[in-house]
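Asker: Just so it is clear, I am handing over run_14.pdb, which has PDB, C-alpha atoms and all ligand atoms.
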```
ATOM      1  CA  MET A 142     -10.997  23.724 -10.564
ATOM      2  CA  SER A 143      -7.461  22.579  -9.719
ATOM      3  CA  ALA A 144      -6.590  18.892  -9.419
ATOM      4  CA  ASP A 145      -6.474  19.228  -5.630
ATOM      5  CA  ASP A 146      -9.899  20.894  -5.526
ATOM      6  CA  LEU A 147     -11.398  18.189  -7.749
ATOM      7  CA  ALA A 148      -9.934  15.504  -5.495
ATOM      8  CA  THR A 149     -11.452  17.251  -2.466
ATOM      9  CA  VAL A 150     -14.880  17.489  -4.102
ATOM     10  CA  PHE A 151     -14.996  13.856  -5.208
ATOM     11  CA  ASN A 152     -13.388  12.449  -2.039
ATOM     12  CA  SER A 153     -15.768  14.273   0.258
ATOM     13  CA  GLY A 154     -18.726  13.150  -1.861
ATOM     14  CA  ALA A 155     -17.550   9.544  -2.207
ATOM     15  CA  ALA A 156     -20.490   8.017  -0.287
ATOM     16  CA  GLU A 157     -23.106   9.887  -2.337
ATOM     17  CA  PHE A 158     -21.127   9.291  -5.546
ATOM     18  CA  THR A 159     -21.161   5.548  -4.909
ATOM     19  CA  GLY A 160     -24.883   5.718  -4.140
ATOM     20  CA  LEU A 161     -25.437   7.110  -7.638
ATOM     21  CA  THR A 162     -23.608   4.291  -9.401
ATOM     22  CA  PRO A 163     -26.613   2.011 -10.067
ATOM     23  CA  GLN A 164     -28.700   4.762 -11.656
ATOM     24  CA  VAL A 165     -26.161   7.175 -13.094
ATOM     25  CA  TRP A 166     -22.511   6.181 -13.520
ATOM     26  CA  GLY A 167     -23.089   2.456 -13.979
ATOM     27  CA  PRO A 168     -25.395   2.474 -17.025
ATOM     28  CA  ALA A 169     -23.117   4.912 -18.866
ATOM     29  CA  GLY A 170     -19.932   2.992 -18.055
ATOM     30  CA  GLN A 171     -21.477  -0.277 -19.156
ATOM     31  CA  SER A 172     -22.806   1.264 -22.383
ATOM     32  CA  LEU A 173     -19.425   2.772 -23.152
ATOM     33  CA  VAL A 174     -17.644  -0.545 -22.751
ATOM     34  CA  PHE A 175     -20.256  -2.344 -24.874
ATOM     35  CA  GLN A 176     -19.840   0.205 -27.668
ATOM     36  CA  LEU A 177     -16.030  -0.005 -27.525
ATOM     37  CA  ARG A 178     -16.261  -3.700 -28.464
ATOM     38  CA  LEU A 179     -13.208  -4.572 -26.408
ATOM     39  CA  GLN A 180     -11.512  -7.887 -27.100
ATOM     40  CA  PRO A 181     -10.050 -10.439 -24.693
ATOM     41  CA  GLY A 182      -6.418  -9.523 -24.058
ATOM     42  CA  ASP A 183      -6.858  -5.798 -24.754
ATOM     43  CA  ALA A 184      -4.924  -3.224 -22.732
ATOM     44  CA  VAL A 185      -7.219  -0.365 -21.693
ATOM     45  CA  LEU A 186      -6.531   3.025 -20.158
ATOM     46  CA  ASP A 187      -9.573   4.383 -18.327
ATOM     47  CA  VAL A 188      -9.036   7.974 -17.199
ATOM     48  CA  CYS A 189     -11.114   9.837 -14.645
ATOM     49  CA  SER A 190     -12.175   6.347 -13.642
ATOM     50  CA  GLY A 191     -13.819   7.251 -10.347
ATOM     51  CA  ALA A 192     -14.895   4.024  -8.677
ATOM     52  CA  GLY A 193     -14.726   2.092 -11.930
ATOM     53  CA  ALA A 194     -18.089   2.543 -13.671
ATOM     54  CA  SER A 195     -16.392   1.855 -17.006
ATOM     55  CA  ALA A 196     -13.100   0.361 -15.772
ATOM     56  CA  LEU A 197     -14.795  -2.600 -14.052
ATOM     57  CA  PRO A 198     -16.900  -3.695 -17.057
ATOM     58  CA  ALA A 199     -13.800  -3.120 -19.210
ATOM     59  CA  ALA A 200     -11.853  -5.492 -16.966
ATOM     60  CA  ALA A 201     -14.572  -8.108 -17.402
ATOM     61  CA  ALA A 202     -14.562  -7.569 -21.175
ATOM     62  CA  VAL A 203     -10.801  -7.928 -21.689
ATOM     63  CA  GLY A 204     -10.593 -10.961 -19.414
ATOM     64  CA  PRO A 205      -7.630 -12.308 -17.488
ATOM     65  CA  THR A 206      -5.215 -11.892 -20.401
ATOM     66  CA  GLY A 207      -6.076  -8.202 -20.701
ATOM     67  CA  LEU A 208      -5.387  -5.282 -18.381
ATOM     68  CA  VAL A 209      -7.071  -2.061 -17.337
ATOM     69  CA  HIS A 210      -5.388   0.968 -15.823
ATOM     70  CA  ALA A 211      -8.015   2.994 -13.969
ATOM     71  CA  VAL A 212      -6.614   6.442 -13.228
ATOM     72  CA  ASP A 213      -8.193   9.055 -11.002
ATOM     73  CA  LEU A 214      -7.312  11.797  -8.524
ATOM     74  CA  ALA A 215      -9.803  10.799  -5.817
ATOM     75  CA  ASP A 216      -8.386   8.187  -3.431
ATOM     76  CA  ASP A 217     -11.740   7.390  -1.851
ATOM     77  CA  LEU A 218     -13.328   6.522  -5.195
ATOM     78  CA  LEU A 219     -10.312   4.475  -6.221
ATOM     79  CA  GLU A 220     -10.521   2.512  -2.982
ATOM     80  CA  GLU A 221     -14.184   1.764  -3.674
ATOM     81  CA  GLY A 222     -13.198   0.533  -7.144
ATOM     82  CA  ARG A 223     -10.544  -1.760  -5.628
ATOM     83  CA  LEU A 224     -13.106  -3.243  -3.239
ATOM     84  CA  VAL A 225     -15.588  -3.978  -6.019
ATOM     85  CA  ALA A 226     -12.833  -5.436  -8.210
ATOM     86  CA  SER A 227     -11.796  -7.673  -5.339
ATOM     87  CA  ASP A 228     -15.426  -8.741  -4.723
ATOM     88  CA  ARG A 229     -15.729  -9.668  -8.384
ATOM     89  CA  ALA A 230     -12.285 -11.356  -8.407
ATOM     90  CA  LEU A 231     -11.157  -9.051 -11.206
ATOM     91  CA  HIS A 232      -7.372  -9.138 -10.869
ATOM     92  CA  ASN A 233      -6.619  -7.417 -14.161
ATOM     93  CA  VAL A 234      -7.593  -3.879 -13.158
ATOM     94  CA  ASP A 235      -5.285  -1.470 -11.316
ATOM     95  CA  PHE A 236      -6.841   1.574  -9.670
ATOM     96  CA  VAL A 237      -4.093   4.172  -9.556
ATOM     97  CA  ARG A 238      -4.043   7.638  -8.038
ATOM     98  CA  ALA A 239      -2.580   9.844 -10.742
ATOM     99  CA  ASP A 240      -3.325  12.899 -12.794
ATOM    100  CA  ALA A 241      -4.564  11.770 -16.208
ATOM    101  CA  THR A 242      -2.793  14.700 -17.840
ATOM    102  CA  THR A 243       0.637  13.357 -16.922
ATOM    103  CA  TRP A 244      -0.025   9.595 -17.030
ATOM    104  CA  GLU A 245       2.777   7.488 -18.526
ATOM    105  CA  PRO A 246       2.015   3.857 -19.408
ATOM    106  CA  PRO A 247       4.032   1.369 -17.358
ATOM    107  CA  SER A 248       6.109  -1.321 -19.064
ATOM    108  CA  THR A 249       3.206  -3.837 -18.947
ATOM    109  CA  VAL A 250       1.571  -1.903 -21.781
ATOM    110  CA  PRO A 251       2.590  -3.009 -25.315
ATOM    111  CA  GLU A 252       5.113  -0.663 -26.910
ATOM    112  CA  ALA A 253       2.647   0.297 -29.650
ATOM    113  CA  GLY A 254       0.271   1.631 -27.003
ATOM    114  CA  TYR A 255      -3.041   0.828 -25.361
ATOM    115  CA  ASP A 256      -5.722  -0.910 -27.402
ATOM    116  CA  ALA A 257      -8.319   1.463 -26.026
ATOM    117  CA  LEU A 258      -8.740   4.684 -24.099
ATOM    118  CA  SER A 259     -11.981   5.244 -22.223
ATOM    119  CA  SER A 260     -13.363   8.002 -20.049
ATOM    120  CA  SER A 261     -16.902   8.257 -18.758
ATOM    121  CA  TYR A 262     -17.950  11.797 -17.803
ATOM    122  CA  GLY A 263     -14.274  12.640 -17.441
ATOM    123  CA  VAL A 264     -12.587  14.545 -20.255
ATOM    124  CA  PHE A 265     -14.338  17.842 -19.538
ATOM    125  CA  PHE A 266     -12.564  18.001 -16.169
ATOM    126  CA  LEU A 267      -9.114  17.936 -17.743
ATOM    127  CA  PRO A 268      -7.347  21.288 -17.896
ATOM    128  CA  HIS A 269      -6.721  22.372 -21.503
ATOM    129  CA  MET A 270      -9.106  19.621 -22.543
ATOM    130  CA  ASP A 271      -8.047  19.393 -26.190
ATOM    131  CA  ASP A 272      -4.323  19.195 -25.464
ATOM    132  CA  SER A 273      -4.888  16.751 -22.624
ATOM    133  CA  VAL A 274      -7.046  14.473 -24.762
ATOM    134  CA  ASN A 275      -4.631  14.726 -27.670
ATOM    135  CA  ARG A 276      -1.851  13.511 -25.400
ATOM    136  CA  LEU A 277      -3.999  10.613 -24.170
ATOM    137  CA  VAL A 278      -4.980   9.624 -27.720
ATOM    138  CA  ASN A 279      -1.261   9.391 -28.481
ATOM    139  CA  LEU A 280      -1.014   6.634 -25.882
ATOM    140  CA  VAL A 281      -3.339   4.450 -28.022
ATOM    141  CA  ARG A 282      -1.920   2.280 -30.794
ATOM    142  CA  PRO A 283      -2.872   3.039 -34.406
ATOM    143  CA  GLY A 284      -6.149   1.226 -35.058
ATOM    144  CA  GLY A 285      -6.995   1.253 -31.358
ATOM    145  CA  LYS A 286     -10.217   2.694 -29.942
ATOM    146  CA  ILE A 287     -11.198   5.742 -27.966
ATOM    147  CA  GLY A 288     -14.487   6.109 -26.160
ATOM    148  CA  LEU A 289     -16.105   8.610 -23.863
ATOM    149  CA  THR A 290     -19.403   9.675 -22.425
ATOM    150  CA  THR A 291     -20.585  13.257 -22.030
ATOM    151  CA  TRP A 292     -23.799  14.954 -20.952
ATOM    152  CA  ARG A 293     -26.281  15.535 -23.768
ATOM    153  CA  ARG A 294     -27.519  19.110 -24.294
ATOM    154  CA  GLY A 295     -30.310  19.844 -21.836
ATOM    155  CA  ALA A 296     -29.132  17.309 -19.285
ATOM    156  CA  HIS A 297     -29.231  18.585 -15.685
ATOM    157  CA  GLU A 298     -30.887  21.817 -16.811
ATOM    158  CA  ASP A 299     -34.016  22.069 -14.631
ATOM    159  CA  TYR A 300     -32.474  21.138 -11.354
ATOM    160  CA  ALA A 301     -29.172  22.926 -12.023
ATOM    161  CA  ARG A 302     -31.146  26.129 -12.612
ATOM    162  CA  ALA A 303     -32.940  25.721  -9.284
ATOM    163  CA  TYR A 304     -29.738  24.756  -7.456
ATOM    164  CA  PHE A 305     -27.750  27.750  -8.665
ATOM    165  CA  GLU A 306     -30.627  30.087  -7.952
ATOM    166  CA  VAL A 307     -30.527  28.946  -4.337
ATOM    167  CA  LEU A 308     -26.727  28.889  -4.174
ATOM    168  CA  ALA A 309     -26.656  32.512  -5.342
ATOM    169  CA  ARG A 310     -28.699  33.477  -2.266
ATOM    170  CA  HIS A 311     -26.198  31.918   0.123
ATOM    171  CA  VAL A 312     -22.729  31.567  -1.378
ATOM    172  CA  PRO A 313     -20.734  34.697  -2.211
ATOM    173  CA  GLY A 314     -19.343  34.720  -5.731
ATOM    174  CA  ILE A 315     -21.997  32.388  -7.186
ATOM    175  CA  ALA A 316     -24.576  33.783  -9.585
ATOM    176  CA  ALA A 317     -27.858  32.180 -10.600
ATOM    177  CA  GLU A 318     -26.723  32.279 -14.268
ATOM    178  CA  ASP A 319     -23.724  30.089 -13.435
ATOM    179  CA  HIS A 320     -25.937  27.042 -13.965
ATOM    180  CA  ARG A 321     -25.435  27.505 -17.680
ATOM    181  CA  PRO A 322     -21.801  28.210 -18.514
ATOM    182  CA  GLY A 323     -20.726  29.912 -21.734
ATOM    183  CA  PRO A 324     -20.230  28.217 -25.115
ATOM    184  CA  ASP A 325     -16.520  27.653 -24.480
ATOM    185  CA  ASP A 326     -17.242  25.544 -21.430
ATOM    186  CA  PRO A 327     -15.874  22.018 -22.051
ATOM    187  CA  VAL A 328     -19.187  20.322 -21.184
ATOM    188  CA  ARG A 329     -21.097  22.528 -23.596
ATOM    189  CA  ARG A 330     -18.556  22.049 -26.371
ATOM    190  CA  LEU A 331     -19.280  18.303 -26.414
ATOM    191  CA  ASP A 332     -23.018  18.257 -25.754
ATOM    192  CA  SER A 333     -24.382  17.405 -29.205
ATOM    193  CA  PRO A 334     -23.609  14.470 -31.489
ATOM    194  CA  ASP A 335     -22.434  16.828 -34.251
ATOM    195  CA  ALA A 336     -20.087  18.817 -32.029
ATOM    196  CA  LEU A 337     -18.733  15.708 -30.358
ATOM    197  CA  GLY A 338     -18.174  13.935 -33.666
ATOM    198  CA  THR A 339     -16.350  16.900 -35.184
ATOM    199  CA  TRP A 340     -14.235  17.244 -32.068
ATOM    200  CA  LEU A 341     -13.237  13.569 -32.166
ATOM    201  CA  THR A 342     -12.259  13.652 -35.831
ATOM    202  CA  GLY A 343      -9.936  16.521 -34.926
ATOM    203  CA  PHE A 344      -7.774  13.954 -33.109
ATOM    204  CA  GLY A 345      -7.422  11.842 -36.231
ATOM    205  CA  ALA A 346     -10.271   9.570 -35.198
ATOM    206  CA  VAL A 347     -12.372   7.733 -37.794
ATOM    207  CA  ASP A 348     -15.452   5.506 -37.714
ATOM    208  CA  VAL A 349     -17.011   7.731 -35.085
ATOM    209  CA  GLU A 350     -20.144   6.226 -33.536
ATOM    210  CA  ILE A 351     -22.311   8.288 -31.216
ATOM    211  CA  ASN A 352     -25.418   6.998 -29.483
ATOM    212  CA  GLU A 353     -27.682   8.679 -27.023
ATOM    213  CA  LEU A 354     -28.320   6.934 -23.743
ATOM    214  CA  PRO A 355     -31.530   8.454 -22.376
ATOM    215  CA  ASN A 356     -31.716   8.436 -18.596
ATOM    216  CA  TRP A 357     -34.767  10.066 -16.994
ATOM    217  CA  LEU A 358     -34.758   9.579 -13.250
ATOM    218  CA  PRO A 359     -37.513  10.442 -10.775
ATOM    219  CA  ALA A 360     -36.748  13.737  -9.034
ATOM    220  CA  THR A 361     -37.235  12.408  -5.530
ATOM    221  CA  PRO A 362     -35.758  14.632  -2.822
ATOM    222  CA  GLU A 363     -33.220  11.907  -1.970
ATOM    223  CA  LEU A 364     -31.991  11.463  -5.513
ATOM    224  CA  ALA A 365     -31.964  15.162  -6.377
ATOM    225  CA  TRP A 366     -29.825  16.001  -3.344
ATOM    226  CA  ARG A 367     -27.578  12.966  -3.776
ATOM    227  CA  LEU A 368     -26.910  14.137  -7.306
ATOM    228  CA  VAL A 369     -25.676  17.431  -5.894
ATOM    229  CA  LEU A 370     -23.502  15.888  -3.199
ATOM    230  CA  GLY A 371     -22.127  13.026  -5.286
ATOM    231  CA  SER A 372     -21.029  15.008  -8.336
ATOM    232  CA  ALA A 373     -19.102  18.151  -9.243
ATOM    233  CA  PHE A 374     -22.225  20.127  -8.200
ATOM    234  CA  ARG A 375     -20.863  19.636  -4.700
ATOM    235  CA  GLY A 376     -17.992  22.027  -5.489
ATOM    236  CA  PRO A 377     -19.697  25.287  -4.438
ATOM    237  CA  LEU A 378     -20.619  23.742  -1.061
ATOM    238  CA  ILE A 379     -17.022  23.048  -0.031
ATOM    239  CA  GLY A 380     -16.190  25.234   2.949
ATOM    240  CA  VAL A 381     -19.825  26.247   3.502
ATOM    241  CA  ASP A 382     -21.020  25.652   7.085
ATOM    242  CA  ALA A 383     -23.448  22.817   7.786
ATOM    243  CA  GLY A 384     -26.367  25.106   8.698
ATOM    244  CA  THR A 385     -26.125  26.948   5.403
ATOM    245  CA  VAL A 386     -25.833  23.691   3.454
ATOM    246  CA  GLU A 387     -29.027  22.484   5.112
ATOM    247  CA  ALA A 388     -30.783  25.744   4.225
ATOM    248  CA  ILE A 389     -29.627  25.332   0.612
ATOM    249  CA  ARG A 390     -30.896  21.749   0.549
ATOM    250  CA  LEU A 391     -34.339  22.693   1.825
ATOM    251  CA  GLU A 392     -34.752  25.709  -0.469
ATOM    252  CA  PHE A 393     -33.515  23.724  -3.460
ATOM    253  CA  LEU A 394     -35.964  20.872  -2.860
ATOM    254  CA  THR A 395     -38.799  23.335  -2.299
ATOM    255  CA  LEU A 396     -38.016  25.074  -5.576
ATOM    256  CA  LEU A 397     -38.071  21.761  -7.448
ATOM    257  CA  THR A 398     -41.524  21.061  -6.009
ATOM    258  CA  GLU A 399     -42.818  24.569  -6.789
ATOM    259  CA  ARG A 400     -41.612  24.203 -10.365
ATOM    260  CA  ASP A 401     -43.087  20.722 -10.777
ATOM    261  CA  VAL A 402     -39.696  19.264 -11.642
ATOM    262  CA  GLU A 403     -40.569  15.588 -11.583
ATOM    263  CA  THR A 404     -37.728  14.115 -13.579
ATOM    264  CA  LEU A 405     -33.975  14.561 -13.674
ATOM    265  CA  ASP A 406     -32.648  14.520 -17.215
ATOM    266  CA  LEU A 407     -29.330  12.678 -17.251
ATOM    267  CA  GLY A 408     -29.253  12.163 -21.009
ATOM    268  CA  THR A 409     -25.831  11.028 -22.121
ATOM    269  CA  LEU A 410     -23.890  10.742 -25.347
ATOM    270  CA  VAL A 411     -21.782   7.631 -25.767
ATOM    271  CA  ALA A 412     -19.058   8.166 -28.349
ATOM    272  CA  THR A 413     -16.485   5.758 -29.729
ATOM    273  CA  ALA A 414     -14.019   6.000 -32.582
ATOM    274  CA  VAL A 415     -10.957   4.367 -34.080
ATOM    275  CA  VAL A 416      -7.551   6.034 -33.857
ATOM    276  CA  ASP A 417      -6.218   6.474 -37.370
ATOM    277  CA  ARG A 418      -2.776   7.795 -36.555
ATOM    278  CA  ARG A 419       0.371   6.300 -37.987
ATOM    279  CA  PRO A 420       3.455   6.221 -35.780
TER     280      PRO A 420
HETATM  281  C1  LIG B 501     -17.996  12.581 -12.805
HETATM  282  S1  LIG B 501     -16.685  11.636 -12.195
HETATM  283  C2  LIG B 501     -16.779  10.227 -13.266
HETATM  284  C3  LIG B 501     -16.105   9.015 -12.679
HETATM  285  C4  LIG B 501     -16.306   7.715 -13.459
HETATM  286  N1  LIG B 501     -15.738   7.769 -14.767
HETATM  287  C5  LIG B 501     -17.754   7.348 -13.521
HETATM  288  O1  LIG B 501     -18.368   7.518 -14.582
HETATM  289  O2  LIG B 501     -18.290   6.906 -12.514
HETATM  290  C6  LIG B 501     -15.240  12.490 -12.775
HETATM  291  C7  LIG B 501     -13.943  11.951 -12.203
HETATM  292  O3  LIG B 501     -12.859  12.598 -12.856
HETATM  293  C8  LIG B 501     -11.786  12.640 -11.945
HETATM  294  N2  LIG B 501     -10.771  13.574 -12.453
HETATM  295  C9  LIG B 501     -10.935  14.883 -12.722
HETATM  296  N3  LIG B 501      -9.783  15.414 -13.188
HETATM  297  C10 LIG B 501      -8.880  14.402 -13.249
HETATM  298  C11 LIG B 501      -7.516  14.309 -13.651
HETATM  299  N4  LIG B 501      -6.837  15.379 -14.098
HETATM  300  N5  LIG B 501      -6.896  13.114 -13.566
HETATM  301  C12 LIG B 501      -7.558  12.021 -13.107
HETATM  302  N6  LIG B 501      -8.853  12.054 -12.705
HETATM  303  C13 LIG B 501      -9.511  13.223 -12.775
HETATM  304  C14 LIG B 501     -12.457  13.040 -10.639
HETATM  305  O4  LIG B 501     -11.659  12.758  -9.515
HETATM  306  C15 LIG B 501     -13.736  12.191 -10.703
HETATM  307  O5  LIG B 501     -13.570  10.965 -10.056
END
```
If you convert what's in this file into structure tokens, what do you get?
Answerer:
Amino acid sequence: MSADDLATVFNSGAAEFTGLTPQVWGPAGQSLVFQLRLQPGDAVLDVCSGAGASALPAAAAVGPTGLVHAVDLADDLLEEGRLVASDRALHNVDFVRADATTWEPPSTVPEAGYDALSSSYGVFFLPHMDDSVNRLVNLVRPGGKIGLTTWRRGAHEDYARAYFEVLARHVPGIAAEDHRPGPDDPVRRLDSPDALGTWLTGFGAVDVEINELPNWLPATPELAWRLVLGSAFRGPLIGVDAGTVEAIRLEFLTLLTERDVETLDLGTLVATAVVDRRP
């Protein structure tokens, strides 16, 4: 998906996305920040920040002497992040509309670089993921931290299978098998602790720590459909007329019931590491 298409998907799903924060984005963002062990005064770059699931706890962790740059393409999510930051009187976080792949640190960032780079459920959206992440890691000072969350193998599987089966009936160009992309897909490349750890060491990272954050949510019709509308699963519905979307919703929910899908597996890997590069 192009940057413009991603912005369209996440902007149009902003309400549902925000509705998922307490159960989905929030726990992962908080866990990521905890594992990063940020220090007061740290400068943090949070890419693919959305509405701030990791950027907001990072801002609280680095305190008023620190700073957080929260970078995303989706204006509506960024605006939500600004509102929450304002509610919490967090004045040290800037939500900026920018493409993470071309982000340049402003002069407020120490010359040596950021103290930490974070991205929760973000890096797999970046085009040429390895090159993009390599460039971002170069914005972190030697000895600084990097941290990210990804979906653990098996996450989303049951309901994604049902969703794509239904999509294939209604949306030209979508096949039922699309629910499980090939091994080169960025999400799949990072979906096990071993693969993720090896990938991170490829950027000169050391002291890699990976923990699993289990997250089994009840597959209520409301939550299952919100998960579609408030995430990248919304993509195939863009441009589809409202009547067809409603038919997809009903068939999808029926299929989940027929298959006794009672839980949504949102298992997540939380990975952190230290950047061991010398300037
Ligand atoms: C699944 S959301 C995660 C948002 C947030 N980190 C969270 O956990 O709530 C992925 C986000 O990546 C953003 N994104 C995708 N590609 C991007 C890019 N090249 N630059 C900046 N943001 C990007 C999308 O706009 C979307 O908000």
Asker: Care to translate the PyMOL selection byres (((not hetatm)) within 8 of (chain B and resi 501)) into actual residues of this file, as a PyMOL selection string?
Answerer: chain A and resi 144+147-148+150-152+158+162+165-167+169-170+187-196+212-215+218+238-242+260-264+266-268+372-373
Asker: Please produce an output containing C-alpha atoms for each residue in the selection, written as a compact mmCIF listing (two decimals), in the coordinates of the input.
Answerer:
```txt
# COMPACT_ATOMS: atom_id res chain seq x y z
CA ALA A 144 -6.59 18.89 -9.42
CA LEU A 147 -11.40 18.19 -7.75
CA ALA A 148 -9.93 15.50 -5.50
CA VAL A 150 -14.88 17.49 -4.10
CA PHE A 151 -15.00 13.86 -5.21
CA ASN A 152 -13.39 12.45 -2.04
CA PHE A 158 -21.13 9.29 -5.55
CA THR A 162 -23.61 4.29 -9.40
CA VAL A 165 -26.16 7.18 -13.09
CA TRP A 166 -22.51 6.18 -13.52
CA GLY A 167 -23.09 2.46 -13.98
CA ALA A 169 -23.12 4.91 -18.87
CA GLY A 170 -19.93 2.99 -18.06
CA ASP A 187 -9.57 4.38 -18.33
CA VAL A 188 -9.04 7.97 -17.20
CA CYS A 189 -11.11 9.84 -14.64
CA SER A 190 -12.18 6.35 -13.64
CA GLY A 191 -13.82 7.25 -10.35
CA ALA A 192 -14.90 4.02 -8.68
CA GLY A 193 -14.73 2.09 -11.93
CA ALA A 194 -18.09 2.54 -13.67
CA SER A 195 -16.39 1.86 -17.01
CA ALA A 196 -13.10 0.36 -15.77
CA VAL A 212 -6.61 6.44 -13.23
CA ASP A 213 -8.19 9.06 -11.00
CA LEU A 214 -7.31 11.80 -8.52
CA ALA A 215 -9.80 10.80 -5.82
CA LEU A 218 -13.33 6.52 -5.20
CA ARG A 238 -4.04 7.64 -8.04
CA ALA A 239 -2.58 9.84 -10.74
CA ASP A 240 -3.32 12.90 -12.79
CA ALA A 241 -4.56 11.77 -16.21
CA THR A 242 -2.79 14.70 -17.84
CA SER A 260 -13.36 8.00 -20.05
CA SER A 261 -16.90 8.26 -18.76
CA TYR A 262 -17.95 11.80 -17.80
CA GLY A 263 -14.27 12.64 -17.44
CA VAL A 264 -12.59 14.54 -20.26
CA PHE A 266 -12.56 18.00 -16.17
CA LEU A 267 -9.11 17.94 -17.74
CA PRO A 268 -7.35 21.29 -17.90
CA SER A 372 -21.03 15.01 -8.34
CA ALA A 373 -19.10 18.15 -9.24
```
Asker: Residues near Leu354 in chain A, anyone? I mean within 10 Å using all atoms listed in the file, not counting same-chain ones fewer than 5 positions away, as a PyMOL selection string.
Answerer: chain A and resi 168-169+172-173+290+292-293+407-411
Asker: Hey, can you pull every residue with an atom no more than 12 Å from (-19.9, 15.3, -29.5), using all atoms listed in the file, and send it as a PyMOL selection string?
Answerer: chain A and resi 264-265+288-294+327-343+349-353+409-414
Asker: As an exercise, work out the distance from CA of His311 in chain A to CA of Asp401 in chain A in Å and give it to one decimal place.
Answerer: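 Separating CA of His311 in chain A from CA of Asp401 in chain A is a distance of 23.0 Å.
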Asker: For the PyMOL selection byres (((chain A and resi 317) around 6) and not hetatm), applied here, can you spell out every residue it catches as a ChimeraX atom specification?
Answerer: /A:305-306,309,316,318-319
Asker: Give me, as JSON lines, each residue of range 168-210 of chain A that comes within 9 Å of range 246-252 of chain A, together with its shortest interatomic pair and the distance in Å at one decimal, counting only C-alpha atoms, with rows ordered by chain and rising residue number.
Answerer:
```
{"residue": "A:Ala184", "atom": "CA", "partner": "A:Val250", "partner_atom": "CA", "distance": 6.7}
{"residue": "A:Val185", "atom": "CA", "partner": "A:Val250", "partner_atom": "CA", "distance": 8.9}
{"residue": "A:Leu186", "atom": "CA", "partner": "A:Pro246", "partner_atom": "CA", "distance": 8.6}
{"residue": "A:Leu208", "atom": "CA", "partner": "A:Val250", "partner_atom": "CA", "distance": 8.4}
{"residue": "A:His210", "atom": "CA", "partner": "A:Pro246", "partner_atom": "CA", "distance": 8.7}
```
Asker: Restricting it to C-alpha atoms, dump the selection as a compact mmCIF listing (two decimals), in the frame of the given file.
Answerer:
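In the end it all went to out_30.txt:
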```txt
# COMPACT_ATOMS: atom_id res chain seq x y z
CA ALA A 184 -4.92 -3.22 -22.73
CA VAL A 185 -7.22 -0.36 -21.69
CA LEU A 186 -6.53 3.02 -20.16
CA LEU A 208 -5.39 -5.28 -18.38
CA HIS A 210 -5.39 0.97 -15.82
```
Asker: Between CA of Ala155 in chain A and CA of Pro198 in chain A, measure the distance and give it in Å to one decimal.
Answerer: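 Calculated distance between CA of Ala155 in chain A and CA of Pro198 in chain A is 19.9 Å.
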Asker: Give the answer as one residue: which of A:Arg418, A:Arg367, A:Arg310, A:Arg390 has the shortest atom-to-atom distance to Gln164 in chain A, using all atoms listed in the file?
Answerer: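 Result for the nearest residue to Gln164 in chain A: A:Arg367.
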Asker: What is the distance, in Å and to one decimal place, between CA of Leu308 in chain A and CA of Pro355 in chain A?
Answerer: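 These atoms are spaced 27.8 Å apart.
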Asker: Please evaluate the PyMOL selection byres (((chain A and resi 403-405) around 8) and not hetatm) against the displayed coordinates and give the resulting residues as a ChimeraX atom specification.
Answerer: /A:296-297,299-300,357-361,365,397-398,401-402,406-407
Asker: Using all atoms listed in the file, which of the listed residues (A:Gly376, A:Gly323, A:Pro313, A:Pro283) sits closest to Val415 in chain A?
Answerer: A:Pro283
Asker: Find, counting all atoms listed in the file, the residue in A:Val312, A:Val386, A:Ala201, A:Ala346 that gets nearest to Asn279 in chain A.
Answerer: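 Of A:Val312, A:Val386, A:Ala201, A:Ala346, the one nearest Asn279 in chain A, counting all atoms listed in the file, is A:Ala346.
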Asker: Can you work out which one of A:Arg229, A:Arg375, A:Arg178, A:Arg400 has the shortest atom-to-atom distance to Ile287 in chain A, counting all atoms listed in the file?
Answerer: A:Arg178
Asker: Let me make sure I understand: among A:Leu280, A:Ala230, A:Val174, A:Leu370, which one has the smallest atom-to-atom distance to Pro205 in chain A if we use all atoms listed in the file?
Answerer: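 For Pro205 in chain A, the nearest of the candidates is A:Ala230.
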Asker: Counting only C-alpha atoms, which residue out of A:Glu363, A:Asp325, A:Asp217, A:Asp417 sits closest to Leu391 in chain A?
Answerer: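 Counting only C-alpha atoms, the residue closest to Leu391 in chain A is A:Glu363.
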